[in-house]
Every structure is written in structure tokens, then in C-alpha cells.
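Student: Please read through the structure below; I'll follow up with questions.
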Amino acid sequence: MILGVNIDHVATVREARKTFEPDPVMAATLAILGGADGITIHLREDRRHAKDRDLRLLREVVHCELNLEMAATKEMIRIAIAVKPDMATLVPEKRQELTTEGGLDMVGQKKALKEAIKKLQDSGIPVSLFINPNIMDVDISKEIGADMVEIHTGVYANAKGKNQEKELHRVKEAIKVANRLGLLANAGHGLNYFNVKGIAAIEGIRGLYIGHSIISRAILVGIERAVREMKELILRG
Ligand code: PXP
């Protein structure tokens with residue numbers, strides 16, 4: 001099972017000061033050294049965290065899987081075709097949301113998604129669809145020609161006890177159906193160091209896509225060293 005690390009939050013911290021640090025491109029190379037099998041970046045319409053420059057540079061330095069998360073808009077399709085990530089994950093996008101809130105509206109967006117998938121695939125980019133864990137959405141993904149699905153694990157991640165078991169079952173069933181239909185099946189959203197085990201144990205998952213919890217832990221495991229290095233500079237001065 002592969003691990004794709006989403007580095008958007010590194011860009012979010014950079015944009016808090018609109019400066020050069022921390023650089024998500026540097027974070028990506030270190031994540032790869034740590035064993036990441038792929039890097040994910042979500043270039044949003046409003047460019048609130050990742051920028052076009054990040055995507056361009058990532059394409060140069062990421063030699064494992066570069067996954068571009070994107071809305072199925074004309075602008076993003078044009079950018080994807082120019083940059084050629086190793087895969088594109090189509091996600092719903094709302095301006096005011098803190099993070100991607102749910103899977104794609106597969107019924108309402110069916111035609112637009114089908115067209116986007118075709119354009120991306122025609123230029124050699126495999127396409128994954130970020131969908132809620134239900135069978136109908138998996139079926140539609142197959143019908144409109146996706147290569148992969150990424151099953152939304154956010155509800156599972158936030159649920160507790162019996163509800164979490166129920167949600168885990170929904171994810172399992174969606175993965176099973178995706179495999180049966182010949183779709184590659186991924187999962188992601190809200191996975192952390194406490195809840196990842198249940199999902200990682202599911203048979204038939206190709207990869208997990210994780211961002212927030214890894215970047216959060218990176219801040220904590222790195223803070224001691226960062227302070228020590230600053231203290232040394234101050235004491236030497
Ligand atoms: N997969 C998709 C499609 C996402 O939109 C996100 C969040 O950007 C993730 C995975 C990663 O979610 P998290 O940051 O909660 O690990």
C-alpha cells in the first residue's frame with residue numbers, strides 16, 4: 001500500500017506571512033526521504049495555499065508519484081495538461097471551506113466530470129475521483145471512465161465506537177466494489193496516527209493520501225531541534 005503525503009499545510013504556514021518559508025517543495029523532498037511514495041498538492045482556484053510555482057517545481061523534483069488535487073474547471077485542466085502530474089484527483093471545491101468537505105456530487109456533476117476525465121486522460125494523465133463511500137458513486141465513477149477512486153474517509157475518521165465500525169464497513173464495501181469493477185481504489189481524508197490502522201487493514205486498497213496529521217506531527221517532532229538551533233545562533237551572537 002502506498003502513502004501519498006499531502007503538503008498543502010506547509011504552504012498554508014508560508015502564506016500566513018506570504019514569505020519564502022516553509023517551502024512545500026523542500027518539505028516534499030524530505031517527505032520522500034522519509035518514505036513517502038508520492039506527493040499530493042491541491043492547487044485551489046483562489047491559490048490560498050499552494051501556488052503555480054509550487055506545482056511547477058514539484059514536477060521537477062518529485063520523481064515518485066505527483067498527484068494533483070484539482071477542481072474539474074477549465075483553468076485547472078489546462079494547468080494539469082501543461083504540467084503533467086502522474087495523476088490527477090478531481091475534488092469538489094468551495095471557496096469558504098477549511099478543507100475538502102465531502103466527495104464529488106457524482107449525480108449532479110456526471111457530465112462535467114466525464115468530460116474532464118476524458119481531457120486529462122487524452123493527455124496521458126490517469127484520473128482519480130474523490131467520492132463518498134457509497135456503491136452508486138463507485139458505479140458512476142466506472143461508468144464515466146475514471147481510472148481510480150479515492151474513498152472519502154472523513155466521516156469514518158470523525159466517528160466513534162459503533163458508528164466508526166459502521167463507517168469502516170461502508171469504506172470496505174466501496175473498496176470491494178471498486179476492485180470488482182476494475183478501478184484502482186485509494187482512500188484518504190482525516191486519517192491520523194490513531195485511526196489509520198482500521199483503513200490500512202482493508203484488502204484491495206492501493207494507497208492512502210494523508211496530510212494534516214503528518215504535517216501536525218512534523219511540527220511537534222521538529223520543534224525541539226528548531227528551538228535548539230535558534231538558541232545556538234543567539235548565544236553565539
Ligand atoms: N484526499 C483528498 C482528496 C483531500 O482533499 C485531502 C485534503 O486535502 C486529503 C486526502 C488529505 O486529508 P487530510 O489532510 O485530512 O489528511
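Just so we're on the same page: first chain in the C-alpha cells is A, next is B, and so on; residues restart at 1 for each chain, and ligands are numbered from 1 in the order they show up.
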For chain A against ligand 1, with a cut-off of 7 Å and counting only C-alpha atoms and all ligand atoms, what is the closest atom pair and its distance in Å to one decimal for every residue that makes the cut, ordered by chain and number, as JSON lines?
Tutor:
{"residue": "A:Asn6", "atom": "CA", "partner": "ligand 1", "partner_atom_place_in_ligand_line": "11 (C)", "distance": 6.0}
{"residue": "A:His42", "atom": "CA", "partner": "ligand 1", "partner_atom_place_in_ligand_line": "8 (O)", "distance": 6.5}
{"residue": "A:Glu69", "atom": "CA", "partner": "ligand 1", "partner_atom_place_in_ligand_line": "3 (C)", "distance": 6.6}
{"residue": "A:Thr89", "atom": "CA", "partner": "ligand 1", "partner_atom_place_in_ligand_line": "3 (C)", "distance": 6.7}
{"residue": "A:Val91", "atom": "CA", "partner": "ligand 1", "partner_atom_place_in_ligand_line": "3 (C)", "distance": 6.0}
{"residue": "A:Thr99", "atom": "CA", "partner": "ligand 1", "partner_atom_place_in_ligand_line": "7 (C)", "distance": 5.9}
{"residue": "A:Thr100", "atom": "CA", "partner": "ligand 1", "partner_atom_place_in_ligand_line": "5 (O)", "distance": 4.7}
{"residue": "A:Phe130", "atom": "CA", "partner": "ligand 1", "partner_atom_place_in_ligand_line": "3 (C)", "distance": 5.3}
{"residue": "A:Glu150", "atom": "CA", "partner": "ligand 1", "partner_atom_place_in_ligand_line": "3 (C)", "distance": 6.8}
{"residue": "A:Gly188", "atom": "CA", "partner": "ligand 1", "partner_atom_place_in_ligand_line": "10 (C)", "distance": 4.4}
{"residue": "A:His189", "atom": "CA", "partner": "ligand 1", "partner_atom_place_in_ligand_line": "12 (O)", "distance": 3.4}
{"residue": "A:Gly190", "atom": "CA", "partner": "ligand 1", "partner_atom_place_in_ligand_line": "15 (O)", "distance": 3.5}
{"residue": "A:Leu191", "atom": "CA", "partner": "ligand 1", "partner_atom_place_in_ligand_line": "16 (O)", "distance": 5.3}
{"residue": "A:Tyr209", "atom": "CA", "partner": "ligand 1", "partner_atom_place_in_ligand_line": "10 (C)", "distance": 4.7}
{"residue": "A:Ile210", "atom": "CA", "partner": "ligand 1", "partner_atom_place_in_ligand_line": "16 (O)", "distance": 3.6}
{"residue": "A:Gly211", "atom": "CA", "partner": "ligand 1", "partner_atom_place_in_ligand_line": "14 (O)", "distance": 3.6}
{"residue": "A:His212", "atom": "CA", "partner": "ligand 1", "partner_atom_place_in_ligand_line": "14 (O)", "distance": 3.7}
{"residue": "A:Ser213", "atom": "CA", "partner": "ligand 1", "partner_atom_place_in_ligand_line": "16 (O)", "distance": 6.0}
Student: Quick one: residues within 12 Å of range 36-39 of chain A, only C-alpha atoms, excluding same-chain residues fewer than 4 positions away - as JSON, numbers by chain?
Tutor: {"A": [1, 2, 3, 4, 5, 6, 7, 8, 24, 25, 26, 27, 28, 29, 30, 31, 32, 54, 55, 58, 59, 61, 62, 63, 64, 65, 66, 67, 68, 69, 85, 86, 87, 88, 206, 207, 208, 209, 210, 211, 214]}
Student: Would you please work out which residue, of A:Ile144, A:Val227, A:Ala116, A:Ile135, is nearest to Arg180 in chain A when using only C-alpha atoms?
Tutor: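 That would be A:Ile135, the residue with the smallest distance to Arg180 in chain A.
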Student: Going by DSSP on the backbone, which bits of range 16-130 of chain A are alpha helix (DSSP H)? Write them as a ChimeraX atom specification, please.
Tutor: /A:16-17,24-33,52-61,74-83,110-122
Student: Write out as a list of chain:residue names the residues lying within 10 Å of Val107 in chain A, counting only C-alpha atoms and excluding same-chain residues fewer than 2 positions away.
Tutor: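 Surrounding residues, per the criterion: A:Leu104, A:Asp105, A:Gln109, A:Lys110, A:Lys111, A:Leu113, A:Met136, A:Asp137, A:Ile140.
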Student: Keeping C-alpha atoms for every residue in the selection just given, could you write it to a file as a compact mmCIF listing (two decimals), in the first residue's frame?
Tutor:
# COMPACT_ATOMS: atom_id res chain seq x y z
CA LEU A 104 -17.85 14.72 -5.51
CA ASP A 105 -21.51 15.17 -6.42
CA GLN A 109 -21.64 16.62 -11.95
CA LYS A 110 -21.62 13.42 -14.00
CA LYS A 111 -21.41 15.04 -17.43
CA LEU A 113 -16.69 15.04 -14.71
CA MET A 136 -23.68 4.23 -6.53
CA ASP A 137 -20.79 6.71 -6.66
CA ILE A 140 -20.82 6.10 -11.71
Student: Could you name the residues that touch Val13 in chain A at 12 Å or less, counting only C-alpha atoms, but leaving out those on the same chain fewer than 6 positions away, as a list in words?
Tutor: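 Listed by chain and then number, they are Ile7, Thr19, Phe20, Glu21, Pro22, Asp23, Pro24, Arg48, His49, Ala50, Ile215, Ser216 and Ile219 of chain A.
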Student: So, with only C-alpha atoms as the atoms that count, which of A:Asn134, A:Ser128, A:Gly154, A:Ser141 lies closest to His169 in chain A?
Tutor: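 With only C-alpha atoms as the atom set, the closest residue is A:Asn134.
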Student: Would you give me, as a PyMOL selection string, the residues in range 105-221 of chain A that DSSP reads as strand (DSSP E or B)?
Tutor: chain A and resi 127-131+148-152+184-188+207-210
